[in-house]
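A.B. asks: Following this line is query.cif, made up of mmCIF, C-alpha atoms and all ligand atoms; chains and numbers go by the auth columns:
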data_model
#
loop_
_atom_site.group_PDB
_atom_site.id
_atom_site.type_symbol
_atom_site.label_atom_id
_atom_site.label_comp_id
_atom_site.label_asym_id
_atom_site.label_seq_id
_atom_site.Cartn_x
_atom_site.Cartn_y
_atom_site.Cartn_z
_atom_site.B_iso_or_equiv
_atom_site.auth_seq_id
_atom_site.auth_asym_id
ATOM 1 C CA MET A 1 -20.685 20.965 -16.484 0.00 1 A
ATOM 2 C CA ALA A 2 -20.730 21.245 -12.691 0.00 2 A
ATOM 3 C CA GLY A 3 -19.031 17.890 -12.534 0.00 3 A
ATOM 4 C CA ALA A 4 -16.371 19.061 -14.949 0.00 4 A
ATOM 5 C CA VAL A 5 -15.765 22.177 -12.850 0.00 5 A
ATOM 6 C CA ALA A 6 -15.522 20.080 -9.693 0.00 6 A
ATOM 7 C CA ALA A 7 -13.139 17.727 -11.436 0.00 7 A
ATOM 8 C CA GLN A 8 -10.974 20.632 -12.529 0.00 8 A
ATOM 9 C CA ALA A 9 -10.950 21.989 -8.978 0.00 9 A
ATOM 10 C CA VAL A 10 -9.833 18.652 -7.612 0.00 10 A
ATOM 11 C CA ALA A 11 -7.286 18.251 -10.371 0.00 11 A
ATOM 12 C CA ALA A 12 -5.895 21.683 -9.508 0.00 12 A
ATOM 13 C CA THR A 13 -5.578 20.651 -5.873 0.00 13 A
ATOM 14 C CA VAL A 14 -4.192 17.189 -6.428 0.00 14 A
ATOM 15 C CA GLY A 15 -2.248 17.953 -9.561 0.00 15 A
ATOM 16 C CA SER A 16 -0.274 20.796 -8.076 0.00 16 A
ATOM 17 C CA SER A 17 2.640 18.414 -7.937 0.00 17 A
ATOM 18 C CA SER A 18 3.830 16.786 -11.115 0.00 18 A
ATOM 19 C CA ARG A 19 4.492 13.722 -9.003 0.00 19 A
ATOM 20 C CA ALA A 20 0.842 13.307 -8.109 0.00 20 A
ATOM 21 C CA ARG A 21 -0.624 10.472 -10.085 0.00 21 A
ATOM 22 C CA ALA A 22 -3.945 10.745 -11.848 0.00 22 A
ATOM 23 C CA GLU A 23 -6.442 9.276 -9.441 0.00 23 A
ATOM 24 C CA SER A 24 -9.713 8.095 -10.864 0.00 24 A
ATOM 25 C CA MET A 25 -12.368 10.776 -10.832 0.00 25 A
ATOM 26 C CA THR A 26 -16.098 10.766 -10.214 0.00 26 A
ATOM 27 C CA PRO A 27 -18.479 13.730 -10.614 0.00 27 A
ATOM 28 C CA LYS A 28 -18.102 14.291 -6.839 0.00 28 A
ATOM 29 C CA GLY A 29 -14.323 14.123 -6.794 0.00 29 A
ATOM 30 C CA LEU A 30 -11.721 11.417 -6.416 0.00 30 A
ATOM 31 C CA LEU A 31 -12.803 7.815 -6.421 0.00 31 A
ATOM 32 C CA PRO A 32 -12.261 6.466 -2.894 0.00 32 A
ATOM 33 C CA THR A 33 -9.677 3.722 -2.578 0.00 33 A
ATOM 34 C CA GLY A 34 -11.543 0.430 -2.483 0.00 34 A
ATOM 35 C CA GLN A 35 -12.079 -1.642 0.627 0.00 35 A
ATOM 36 C CA GLU A 36 -10.503 -5.067 0.679 0.00 36 A
ATOM 37 C CA THR A 37 -10.397 -8.023 3.016 0.00 37 A
ATOM 38 C CA LEU A 38 -8.066 -7.979 6.020 0.00 38 A
ATOM 39 C CA GLY A 39 -6.859 -11.414 4.968 0.00 39 A
ATOM 40 C CA PRO A 40 -5.611 -14.163 7.281 0.00 40 A
ATOM 41 C CA PHE A 41 -2.284 -12.550 8.145 0.00 41 A
ATOM 42 C CA PHE A 42 -3.406 -9.416 9.966 0.00 42 A
ATOM 43 C CA PRO A 43 -0.562 -8.837 12.420 0.00 43 A
ATOM 44 C CA VAL A 44 -0.914 -10.257 15.871 0.00 44 A
ATOM 45 C CA ARG A 45 1.594 -7.775 17.226 0.00 45 A
ATOM 46 C CA ILE A 46 3.492 -4.673 16.215 0.00 46 A
ATOM 47 C CA ALA A 47 7.114 -4.417 17.216 0.00 47 A
ATOM 48 C CA PRO A 48 7.821 -1.470 19.500 0.00 48 A
ATOM 49 C CA MET A 49 10.168 1.121 18.017 0.00 49 A
ATOM 50 C CA HIS A 50 9.494 0.067 14.447 0.00 50 A
ATOM 51 C CA ASP A 51 9.244 3.099 12.201 0.00 51 A
ATOM 52 C CA GLN A 52 8.862 3.835 8.508 0.00 52 A
ATOM 53 C CA ASP A 53 11.974 1.851 7.610 0.00 53 A
ATOM 54 C CA ILE A 54 11.226 -1.834 8.092 0.00 54 A
ATOM 55 C CA THR A 55 14.260 -3.137 6.218 0.00 55 A
ATOM 56 C CA HIS A 56 15.801 -3.712 9.645 0.00 56 A
ATOM 57 C CA TYR A 57 14.231 -5.607 12.509 0.00 57 A
ATOM 58 C CA PRO A 58 14.112 -3.422 15.628 0.00 58 A
ATOM 59 C CA GLY A 59 17.136 -4.106 17.759 0.00 59 A
ATOM 60 C CA LYS A 60 18.985 -6.076 15.101 0.00 60 A
ATOM 61 C CA THR A 61 21.734 -4.905 12.780 0.00 61 A
ATOM 62 C CA GLY A 62 21.140 -7.058 9.697 0.00 62 A
ATOM 63 C CA ARG A 63 19.147 -5.949 6.682 0.00 63 A
ATOM 64 C CA ALA A 64 16.132 -7.765 5.339 0.00 64 A
ATOM 65 C CA LEU A 65 16.659 -9.896 2.252 0.00 65 A
ATOM 66 C CA GLY A 66 15.259 -8.745 -1.043 0.00 66 A
ATOM 67 C CA GLN A 67 14.821 -5.715 -3.242 0.00 67 A
ATOM 68 C CA VAL A 68 14.674 -2.517 -1.188 0.00 68 A
ATOM 69 C CA ILE A 69 11.818 -0.228 -2.180 0.00 69 A
ATOM 70 C CA GLU A 70 10.744 3.271 -1.188 0.00 70 A
ATOM 71 C CA LEU A 71 7.007 3.718 -1.229 0.00 71 A
ATOM 72 C CA THR A 72 5.584 7.209 -0.900 0.00 72 A
ATOM 73 C CA GLY A 73 2.149 8.697 -1.258 0.00 73 A
ATOM 74 C CA ARG A 74 -0.559 10.873 0.211 0.00 74 A
ATOM 75 C CA VAL A 75 -3.687 10.168 2.196 0.00 75 A
ATOM 76 C CA MET A 76 -6.475 12.528 1.192 0.00 76 A
ATOM 77 C CA ASP A 77 -10.217 12.968 1.017 0.00 77 A
ATOM 78 C CA VAL A 78 -12.288 12.809 -2.162 0.00 78 A
ATOM 79 C CA LYS A 79 -11.667 16.514 -2.782 0.00 79 A
ATOM 80 C CA GLY A 80 -7.932 16.015 -2.721 0.00 80 A
ATOM 81 C CA ASN A 81 -7.450 17.625 0.684 0.00 81 A
ATOM 82 C CA PRO A 82 -4.684 16.055 2.772 0.00 82 A
ATOM 83 C CA LEU A 83 -5.735 14.075 5.840 0.00 83 A
ATOM 84 C CA PRO A 84 -2.930 14.849 8.273 0.00 84 A
ATOM 85 C CA ASN A 85 -4.408 12.888 11.155 0.00 85 A
ATOM 86 C CA ALA A 86 -4.539 9.559 9.376 0.00 86 A
ATOM 87 C CA GLN A 87 -2.879 6.599 11.051 0.00 87 A
ATOM 88 C CA MET A 88 -1.459 3.756 8.984 0.00 88 A
ATOM 89 C CA LEU A 89 -0.886 0.114 9.810 0.00 89 A
ATOM 90 C CA ILE A 90 1.032 -1.759 7.135 0.00 90 A
ATOM 91 C CA TRP A 91 1.872 -5.445 6.882 0.00 91 A
ATOM 92 C CA GLN A 92 3.377 -7.658 4.218 0.00 92 A
ATOM 93 C CA ALA A 93 5.162 -10.911 3.456 0.00 93 A
ATOM 94 C CA ASN A 94 8.945 -11.005 3.277 0.00 94 A
ATOM 95 C CA ALA A 95 10.823 -11.291 -0.013 0.00 95 A
ATOM 96 C CA ALA A 96 10.285 -15.060 -0.022 0.00 96 A
ATOM 97 C CA GLY A 97 6.538 -14.734 0.465 0.00 97 A
ATOM 98 C CA ARG A 98 6.324 -15.589 4.172 0.00 98 A
ATOM 99 C CA TYR A 99 4.518 -13.644 6.901 0.00 99 A
ATOM 100 C CA VAL A 100 5.698 -13.462 10.471 0.00 100 A
ATOM 101 C CA ASN A 101 2.371 -14.797 11.626 0.00 101 A
ATOM 102 C CA PRO A 102 1.659 -18.145 13.327 0.00 102 A
ATOM 103 C CA VAL A 103 -1.193 -18.923 10.948 0.00 103 A
ATOM 104 C CA ASP A 104 1.049 -18.719 7.872 0.00 104 A
ATOM 105 C CA THR A 105 1.812 -22.311 6.847 0.00 105 A
ATOM 106 C CA ASN A 106 3.882 -21.381 3.792 0.00 106 A
ATOM 107 C CA THR A 107 7.168 -23.298 3.881 0.00 107 A
ATOM 108 C CA ALA A 108 9.148 -20.302 2.590 0.00 108 A
ATOM 109 C CA PRO A 109 11.720 -19.180 5.184 0.00 109 A
ATOM 110 C CA ILE A 110 11.169 -16.455 7.757 0.00 110 A
ATOM 111 C CA ASP A 111 13.716 -13.663 7.434 0.00 111 A
ATOM 112 C CA PRO A 112 15.220 -12.999 10.888 0.00 112 A
ATOM 113 C CA ASN A 113 15.794 -9.379 9.883 0.00 113 A
ATOM 114 C CA PHE A 114 12.277 -8.698 8.731 0.00 114 A
ATOM 115 C CA LEU A 115 9.029 -8.406 10.647 0.00 115 A
ATOM 116 C CA GLY A 116 6.952 -6.871 7.866 0.00 116 A
ATOM 117 C CA VAL A 117 4.700 -4.848 10.152 0.00 117 A
ATOM 118 C CA THR A 118 4.717 -1.217 11.164 0.00 118 A
ATOM 119 C CA ALA A 119 2.403 1.597 12.174 0.00 119 A
ATOM 120 C CA PHE A 120 2.807 5.361 11.967 0.00 120 A
ATOM 121 C CA GLY A 121 0.958 8.591 11.348 0.00 121 A
ATOM 122 C CA VAL A 122 1.123 10.608 8.132 0.00 122 A
ATOM 123 C CA ASP A 123 2.650 14.105 8.140 0.00 123 A
ATOM 124 C CA ALA A 124 0.875 17.468 8.064 0.00 124 A
ATOM 125 C CA GLN A 125 0.334 17.173 4.310 0.00 125 A
ATOM 126 C CA GLY A 126 -1.044 13.650 4.558 0.00 126 A
ATOM 127 C CA ARG A 127 2.173 12.212 3.173 0.00 127 A
ATOM 128 C CA TYR A 128 3.728 8.924 4.117 0.00 128 A
ATOM 129 C CA ARG A 129 7.009 7.222 3.294 0.00 129 A
ATOM 130 C CA LEU A 130 7.752 3.556 3.772 0.00 130 A
ATOM 131 C CA ARG A 131 11.093 1.881 3.216 0.00 131 A
ATOM 132 C CA THR A 132 10.781 -1.860 2.961 0.00 132 A
ATOM 133 C CA VAL A 133 11.588 -4.796 0.704 0.00 133 A
ATOM 134 C CA LYS A 134 9.412 -5.915 -2.130 0.00 134 A
ATOM 135 C CA PRO A 135 7.189 -8.741 -0.881 0.00 135 A
ATOM 136 C CA GLY A 136 7.261 -12.111 -2.578 0.00 136 A
ATOM 137 C CA ALA A 137 4.323 -14.014 -4.003 0.00 137 A
ATOM 138 C CA TYR A 138 2.849 -16.771 -1.845 0.00 138 A
ATOM 139 C CA PRO A 139 0.368 -19.623 -2.188 0.00 139 A
ATOM 140 C CA GLU A 140 -3.118 -19.161 -0.784 0.00 140 A
ATOM 141 C CA PRO A 141 -5.301 -22.048 0.417 0.00 141 A
ATOM 142 C CA SER A 142 -7.119 -22.691 -2.858 0.00 142 A
ATOM 143 C CA GLY A 143 -3.784 -23.306 -4.542 0.00 143 A
ATOM 144 C CA THR A 144 -3.323 -20.145 -6.556 0.00 144 A
ATOM 145 C CA MET A 145 -0.517 -17.677 -5.959 0.00 145 A
ATOM 146 C CA ARG A 146 -1.083 -14.263 -4.435 0.00 146 A
ATOM 147 C CA THR A 147 0.766 -11.714 -6.505 0.00 147 A
ATOM 148 C CA PRO A 148 3.142 -9.425 -4.544 0.00 148 A
ATOM 149 C CA HIS A 149 1.168 -6.921 -2.474 0.00 149 A
ATOM 150 C CA ILE A 150 1.220 -4.796 0.673 0.00 150 A
ATOM 151 C CA HIS A 151 -1.680 -4.532 3.112 0.00 151 A
ATOM 152 C CA PHE A 152 -2.849 -1.168 4.438 0.00 152 A
ATOM 153 C CA ASP A 153 -5.155 -0.290 7.320 0.00 153 A
ATOM 154 C CA VAL A 154 -5.683 3.478 7.243 0.00 154 A
ATOM 155 C CA ALA A 155 -7.914 5.304 9.671 0.00 155 A
ATOM 156 C CA ASN A 156 -8.777 8.745 10.920 0.00 156 A
ATOM 157 C CA ALA A 157 -11.531 9.920 13.235 0.00 157 A
ATOM 158 C CA ASP A 158 -14.237 9.390 10.600 0.00 158 A
ATOM 159 C CA TYR A 159 -13.270 6.451 8.480 0.00 159 A
ATOM 160 C CA ARG A 160 -11.252 3.269 8.261 0.00 160 A
ATOM 161 C CA LEU A 161 -9.964 1.759 5.046 0.00 161 A
ATOM 162 C CA VAL A 162 -8.481 -1.700 4.634 0.00 162 A
ATOM 163 C CA ALA A 163 -6.781 -2.063 1.274 0.00 163 A
ATOM 164 C CA GLN A 164 -4.151 -3.966 -0.651 0.00 164 A
ATOM 165 C CA MET A 165 -1.615 -2.367 -2.972 0.00 165 A
ATOM 166 C CA TYR A 166 -0.042 -4.176 -5.899 0.00 166 A
ATOM 167 C CA PHE A 167 3.023 -3.668 -8.106 0.00 167 A
ATOM 168 C CA PRO A 168 3.065 -2.899 -11.820 0.00 168 A
ATOM 169 C CA GLY A 169 4.252 -5.423 -14.361 0.00 169 A
ATOM 170 C CA GLU A 170 3.900 -8.538 -12.208 0.00 170 A
ATOM 171 C CA ALA A 171 3.175 -11.713 -14.182 0.00 171 A
ATOM 172 C CA LEU A 172 0.873 -12.962 -11.418 0.00 172 A
ATOM 173 C CA ASN A 173 -1.284 -9.830 -11.384 0.00 173 A
ATOM 174 C CA ALA A 174 -3.623 -11.218 -14.036 0.00 174 A
ATOM 175 C CA HIS A 175 -4.256 -14.353 -11.973 0.00 175 A
ATOM 176 C CA ASP A 176 -4.398 -12.984 -8.424 0.00 176 A
ATOM 177 C CA LEU A 177 -7.671 -13.974 -6.777 0.00 177 A
ATOM 178 C CA LEU A 178 -8.313 -10.447 -5.477 0.00 178 A
ATOM 179 C CA LEU A 179 -6.649 -8.142 -8.004 0.00 179 A
ATOM 180 C CA SER A 180 -8.095 -9.983 -10.985 0.00 180 A
ATOM 181 C CA THR A 181 -11.621 -9.677 -9.595 0.00 181 A
ATOM 182 C CA LEU A 182 -11.573 -5.939 -8.913 0.00 182 A
ATOM 183 C CA ALA A 183 -13.239 -5.069 -12.225 0.00 183 A
ATOM 184 C CA SER A 184 -16.107 -7.468 -11.544 0.00 184 A
ATOM 185 C CA ARG A 185 -16.452 -5.769 -8.144 0.00 185 A
ATOM 186 C CA HIS A 186 -16.876 -2.398 -9.875 0.00 186 A
ATOM 187 C CA ARG A 187 -13.385 -1.214 -9.015 0.00 187 A
ATOM 188 C CA LYS A 188 -10.557 0.012 -11.181 0.00 188 A
ATOM 189 C CA PRO A 189 -7.620 -2.411 -10.945 0.00 189 A
ATOM 190 C CA GLU A 190 -5.165 0.313 -11.965 0.00 190 A
ATOM 191 C CA ASP A 191 -6.081 2.274 -8.825 0.00 191 A
ATOM 192 C CA ALA A 192 -4.799 -0.587 -6.686 0.00 192 A
ATOM 193 C CA ILE A 193 -1.411 -0.712 -8.448 0.00 193 A
ATOM 194 C CA CYS A 194 1.365 1.670 -7.396 0.00 194 A
ATOM 195 C CA LYS A 195 3.229 3.756 -9.946 0.00 195 A
ATOM 196 C CA PRO A 196 6.993 3.806 -10.506 0.00 196 A
ATOM 197 C CA ALA A 197 8.607 6.905 -9.026 0.00 197 A
ATOM 198 C CA ARG A 198 11.994 8.551 -9.234 0.00 198 A
ATOM 199 C CA THR A 199 14.768 7.827 -6.813 0.00 199 A
ATOM 200 C CA SER A 200 18.387 8.907 -6.663 0.00 200 A
ATOM 201 C CA GLU A 201 19.367 5.890 -4.622 0.00 201 A
ATOM 202 C CA PRO A 202 21.137 3.155 -6.569 0.00 202 A
ATOM 203 C CA ASN A 203 19.663 -0.326 -6.204 0.00 203 A
ATOM 204 C CA VAL A 204 16.458 1.019 -4.678 0.00 204 A
ATOM 205 C CA LEU A 205 13.150 0.965 -6.520 0.00 205 A
ATOM 206 C CA ALA A 206 10.685 3.751 -5.831 0.00 206 A
ATOM 207 C CA PHE A 207 6.907 3.667 -6.123 0.00 207 A
ATOM 208 C CA GLU A 208 4.034 6.004 -5.363 0.00 208 A
ATOM 209 C CA TRP A 209 0.551 5.121 -4.203 0.00 209 A
ATOM 210 C CA ASN A 210 -2.041 7.621 -3.041 0.00 210 A
ATOM 211 C CA ILE A 211 -4.952 6.694 -0.825 0.00 211 A
ATOM 212 C CA VAL A 212 -8.365 8.367 -0.925 0.00 212 A
ATOM 213 C CA LEU A 213 -10.578 8.061 2.140 0.00 213 A
ATOM 214 C CA LEU A 214 -14.328 8.474 1.888 0.00 214 A
ATOM 215 C CA THR A 215 -14.450 11.064 4.628 0.00 215 A
HETATM 216 FE FE FE B . -1.226 -10.789 1.929 0.00 1 B
#
Re-express the file's structure as structure tokens.

C.D. replies:
Amino acid sequence: MAGAVAAQAVAATVGSSSRARAESMTPKGLLPTGQETLGPFFPVRIAPMHDQDITHYPGKTGRALGQVIELTGRVMDVKGNPLPNAQMLIWQANAAGRYVNPVDTNTAPIDPNFLGVTAFGVDAQGRYRLRTVKPGAYPEPSGTMRTPHIHFDVANADYRLVAQMYFPGEALNAHDLLLSTLASRHRKPEDAICKPARTSEPNVLAFEWNIVLLT
């Protein structure tokens, strides 16, 4: 019963907005977002002046190729409290599946208007907003394809989370070497997949993904 009461309390906190998605619950609160590998393409540099819109390369006027997306969400603790001091580092492949990283040997083209890396702090309510393009799939060394995903490195004074976020409805999701193994690693795959969200912008897709830090 105590667990049910705690769950209701968290649900009341987190569910105050109809936009908040239903995070997975445990008797102690929200299930922390799972840790994942940094992967081989952790950025070697972050462009100065890059902000939460990475559809343009800093200092250039062109727009990155691909489907523009707006990704929003909250960073919170297991009780659903916002973590306003969290810092986020985000990196991803371009729409063709290529990283701006010297170790990426994929032959897909680099997009001169896309770096795919940025860092920023969340707001006072733990919210973040990222405008980017949907990343493409890419081959990994064993020969399988990585399904489209975005890498996150989220940290505050107490905790650091490295995670990967996926997109709903992708044909490659069932075969991705990391996403498809989450269940066997005692994780919930649905927690790693963002949810469609509303947008009033034509030709822009919106998604929401909340992040729970074990802090
Ligand atoms: Fe990746």

A.B. asks: Given all atoms listed in the file as the basis, pick out the residue of A:Pro141, A:Pro109, A:Pro189, A:Gly136 nearest to Gln164 (chain A).

C.D. replies: A:Pro189

A.B. asks: Would you name the residues within 12 Å of ligand FE 1 (chain B), counting only C-alpha atoms and all ligand atoms, and put them as a ChimeraX atom specification?

C.D. replies: /A:36-43,90-94,97-101,104,106,116-117,135-140,145-152,162-166,176-179

A.B. asks: Tell me which residues the PyMOL selection byres (((chain A and resi 74) around 9) and not hetatm) grabs here, as a list in words.

C.D. replies: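 So the PyMOL selection byres (((chain A and resi 74) around 9) and not hetatm), applied here, picks out Ala20, Thr72, Gly73, Val75, Met76, Pro82, Leu83, Val122, Gln125, Gly126, Arg127, Tyr128, Arg129, Glu208, Trp209, Asn210, Ile211 and Val212 of chain A.
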
A.B. asks: Please measure the separation of CA of Ile69 (chain A) and CA of Thr33 (chain A), giving the value in Å to one decimal.

C.D. replies: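 Separation of CA of Ile69 (chain A) and CA of Thr33 (chain A): 21.9 Å.
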
A.B. asks: Could you give me, as JSON, numbers by chain, the residues within 10 Å of Lys188 (chain A), counting all atoms listed in the file and dropping anything in the same chain fewer than 2 positions from it?

C.D. replies: {"A": [24, 31, 33, 34, 179, 181, 182, 183, 184, 185, 186, 190, 191, 192, 193]}

A.B. asks: Keeping C-alpha atoms, export the residues of the selection given above as a JSON list (two decimals), keeping the file's coordinate frame.

C.D. replies:
[["chain", "number", "residue", "atom", "x", "y", "z"],
["A", 24, "SER", "CA", -9.71, 8.10, -10.86],
["A", 31, "LEU", "CA", -12.80, 7.82, -6.42],
["A", 33, "THR", "CA", -9.68, 3.72, -2.58],
["A", 34, "GLY", "CA", -11.54, 0.43, -2.48],
["A", 179, "LEU", "CA", -6.65, -8.14, -8.00],
["A", 181, "THR", "CA", -11.62, -9.68, -9.60],
["A", 182, "LEU", "CA", -11.57, -5.94, -8.91],
["A", 183, "ALA", "CA", -13.24, -5.07, -12.22],
["A", 184, "SER", "CA", -16.11, -7.47, -11.54],
["A", 185, "ARG", "CA", -16.45, -5.77, -8.14],
["A", 186, "HIS", "CA", -16.88, -2.40, -9.88],
["A", 190, "GLU", "CA", -5.16, 0.31, -11.96],
["A", 191, "ASP", "CA", -6.08, 2.27, -8.82],
["A", 192, "ALA", "CA", -4.80, -0.59, -6.69],
["A", 193, "ILE", "CA", -1.41, -0.71, -8.45]]

A.B. asks: How many Å lie between CA of Leu65 (chain A) and CA of Ala95 (chain A), rounded to one decimal?

C.D. replies: 6.4 Å

A.B. asks: Find the residue from A:Thr107, A:Asn113, A:Thr118, A:Ser200 that sits nearest to Arg45 (chain A); use all atoms listed in the file when measuring.

C.D. replies: A:Thr118

A.B. asks: Looking at A:Phe114, A:Tyr57, A:Phe167, A:Tyr159, which one is nearest to Asn85 (chain A), with distances taken over all atoms listed in the file?

C.D. replies: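 Of all the options, A:Tyr159 lies closest to Asn85 (chain A).
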
A.B. asks: What is the distance between CA of Met88 (chain A) and CA of Val154 (chain A), in Å to one decimal?

C.D. replies: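 Those two atoms sit 4.6 Å apart.
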
A.B. asks: In terms of the shortest atom-to-atom distance over all atoms listed in the file, which of A:Val44, A:Ile54, A:Ala157, A:Leu71 is closest to Ala197 (chain A)?

C.D. replies: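 With all atoms listed in the file as the atom set, the closest residue is A:Leu71.
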
A.B. asks: Expand the PyMOL selection byres (((chain A and resi 55) around 6) and not hetatm) into the explicit residue set it covers here, and present it as JSON, numbers by chain.

C.D. replies: {"A": [53, 54, 56, 63, 64, 132]}

A.B. asks: For Val68 (chain A), list every protein, DNA or RNA residue within 7 Å, evaluated using only C-alpha atoms, and leave out those in the same chain fewer than 6 positions away; present the list as a PyMOL selection string.

C.D. replies: chain A and resi 132-134+204-205

A.B. asks: Because the input lacks atoms here, generate N, CA and C atoms for region 80-94 of chain A and report them as a PDB file, in the coordinates of the input.

C.D. replies:
ATOM      1  N   GLY A  80      -9.368  15.852  -2.574  1.00  0.00           N
ATOM      2  CA  GLY A  80      -7.932  16.015  -2.721  1.00  0.00           C
ATOM      3  C   GLY A  80      -7.279  16.724  -1.558  1.00  0.00           C
ATOM      4  N   ASN A  81      -8.034  16.990  -0.493  1.00  0.00           N
ATOM      5  CA  ASN A  81      -7.450  17.625   0.684  1.00  0.00           C
ATOM      6  C   ASN A  81      -6.642  16.614   1.493  1.00  0.00           C
ATOM      7  N   PRO A  82      -5.469  16.994   1.967  1.00  0.00           N
ATOM      8  CA  PRO A  82      -4.684  16.055   2.772  1.00  0.00           C
ATOM      9  C   PRO A  82      -5.386  15.725   4.078  1.00  0.00           C
ATOM     10  N   LEU A  83      -5.181  14.508   4.562  1.00  0.00           N
ATOM     11  CA  LEU A  83      -5.735  14.075   5.840  1.00  0.00           C
ATOM     12  C   LEU A  83      -4.569  13.845   6.805  1.00  0.00           C
ATOM     13  N   PRO A  84      -4.154  14.927   7.470  1.00  0.00           N
ATOM     14  CA  PRO A  84      -2.930  14.849   8.273  1.00  0.00           C
ATOM     15  C   PRO A  84      -3.057  13.998   9.524  1.00  0.00           C
ATOM     16  N   ASN A  85      -4.257  13.669   9.927  1.00  0.00           N
ATOM     17  CA  ASN A  85      -4.408  12.888  11.155  1.00  0.00           C
ATOM     18  C   ASN A  85      -4.573  11.397  10.904  1.00  0.00           C
ATOM     19  N   ALA A  86      -4.360  10.977   9.681  1.00  0.00           N
ATOM     20  CA  ALA A  86      -4.539   9.559   9.376  1.00  0.00           C
ATOM     21  C   ALA A  86      -3.430   8.722  10.009  1.00  0.00           C
ATOM     22  N   GLN A  87      -3.818   7.566  10.489  1.00  0.00           N
ATOM     23  CA  GLN A  87      -2.879   6.599  11.051  1.00  0.00           C
ATOM     24  C   GLN A  87      -2.824   5.389  10.124  1.00  0.00           C
ATOM     25  N   MET A  88      -1.632   4.866   9.921  1.00  0.00           N
ATOM     26  CA  MET A  88      -1.459   3.756   8.984  1.00  0.00           C
ATOM     27  C   MET A  88      -0.888   2.535   9.697  1.00  0.00           C
ATOM     28  N   LEU A  89      -1.455   1.398   9.413  1.00  0.00           N
ATOM     29  CA  LEU A  89      -0.886   0.114   9.810  1.00  0.00           C
ATOM     30  C   LEU A  89      -0.610  -0.642   8.520  1.00  0.00           C
ATOM     31  N   ILE A  90       0.615  -1.110   8.378  1.00  0.00           N
ATOM     32  CA  ILE A  90       1.032  -1.759   7.135  1.00  0.00           C
ATOM     33  C   ILE A  90       1.623  -3.115   7.466  1.00  0.00           C
ATOM     34  N   TRP A  91       1.264  -4.127   6.682  1.00  0.00           N
ATOM     35  CA  TRP A  91       1.872  -5.445   6.882  1.00  0.00           C
ATOM     36  C   TRP A  91       2.046  -6.136   5.536  1.00  0.00           C
ATOM     37  N   GLN A  92       3.041  -7.008   5.484  1.00  0.00           N
ATOM     38  CA  GLN A  92       3.377  -7.658   4.218  1.00  0.00           C
ATOM     39  C   GLN A  92       4.191  -8.920   4.466  1.00  0.00           C
ATOM     40  N   ALA A  93       4.279  -9.752   3.434  1.00  0.00           N
ATOM     41  CA  ALA A  93       5.162 -10.911   3.456  1.00  0.00           C
ATOM     42  C   ALA A  93       6.598 -10.457   3.218  1.00  0.00           C
ATOM     43  N   ASN A  94       7.548 -11.320   3.577  1.00  0.00           N
ATOM     44  CA  ASN A  94       8.945 -11.005   3.277  1.00  0.00           C
ATOM     45  C   ASN A  94       9.231 -11.293   1.788  1.00  0.00           C
TER      46      ASN A  94
END
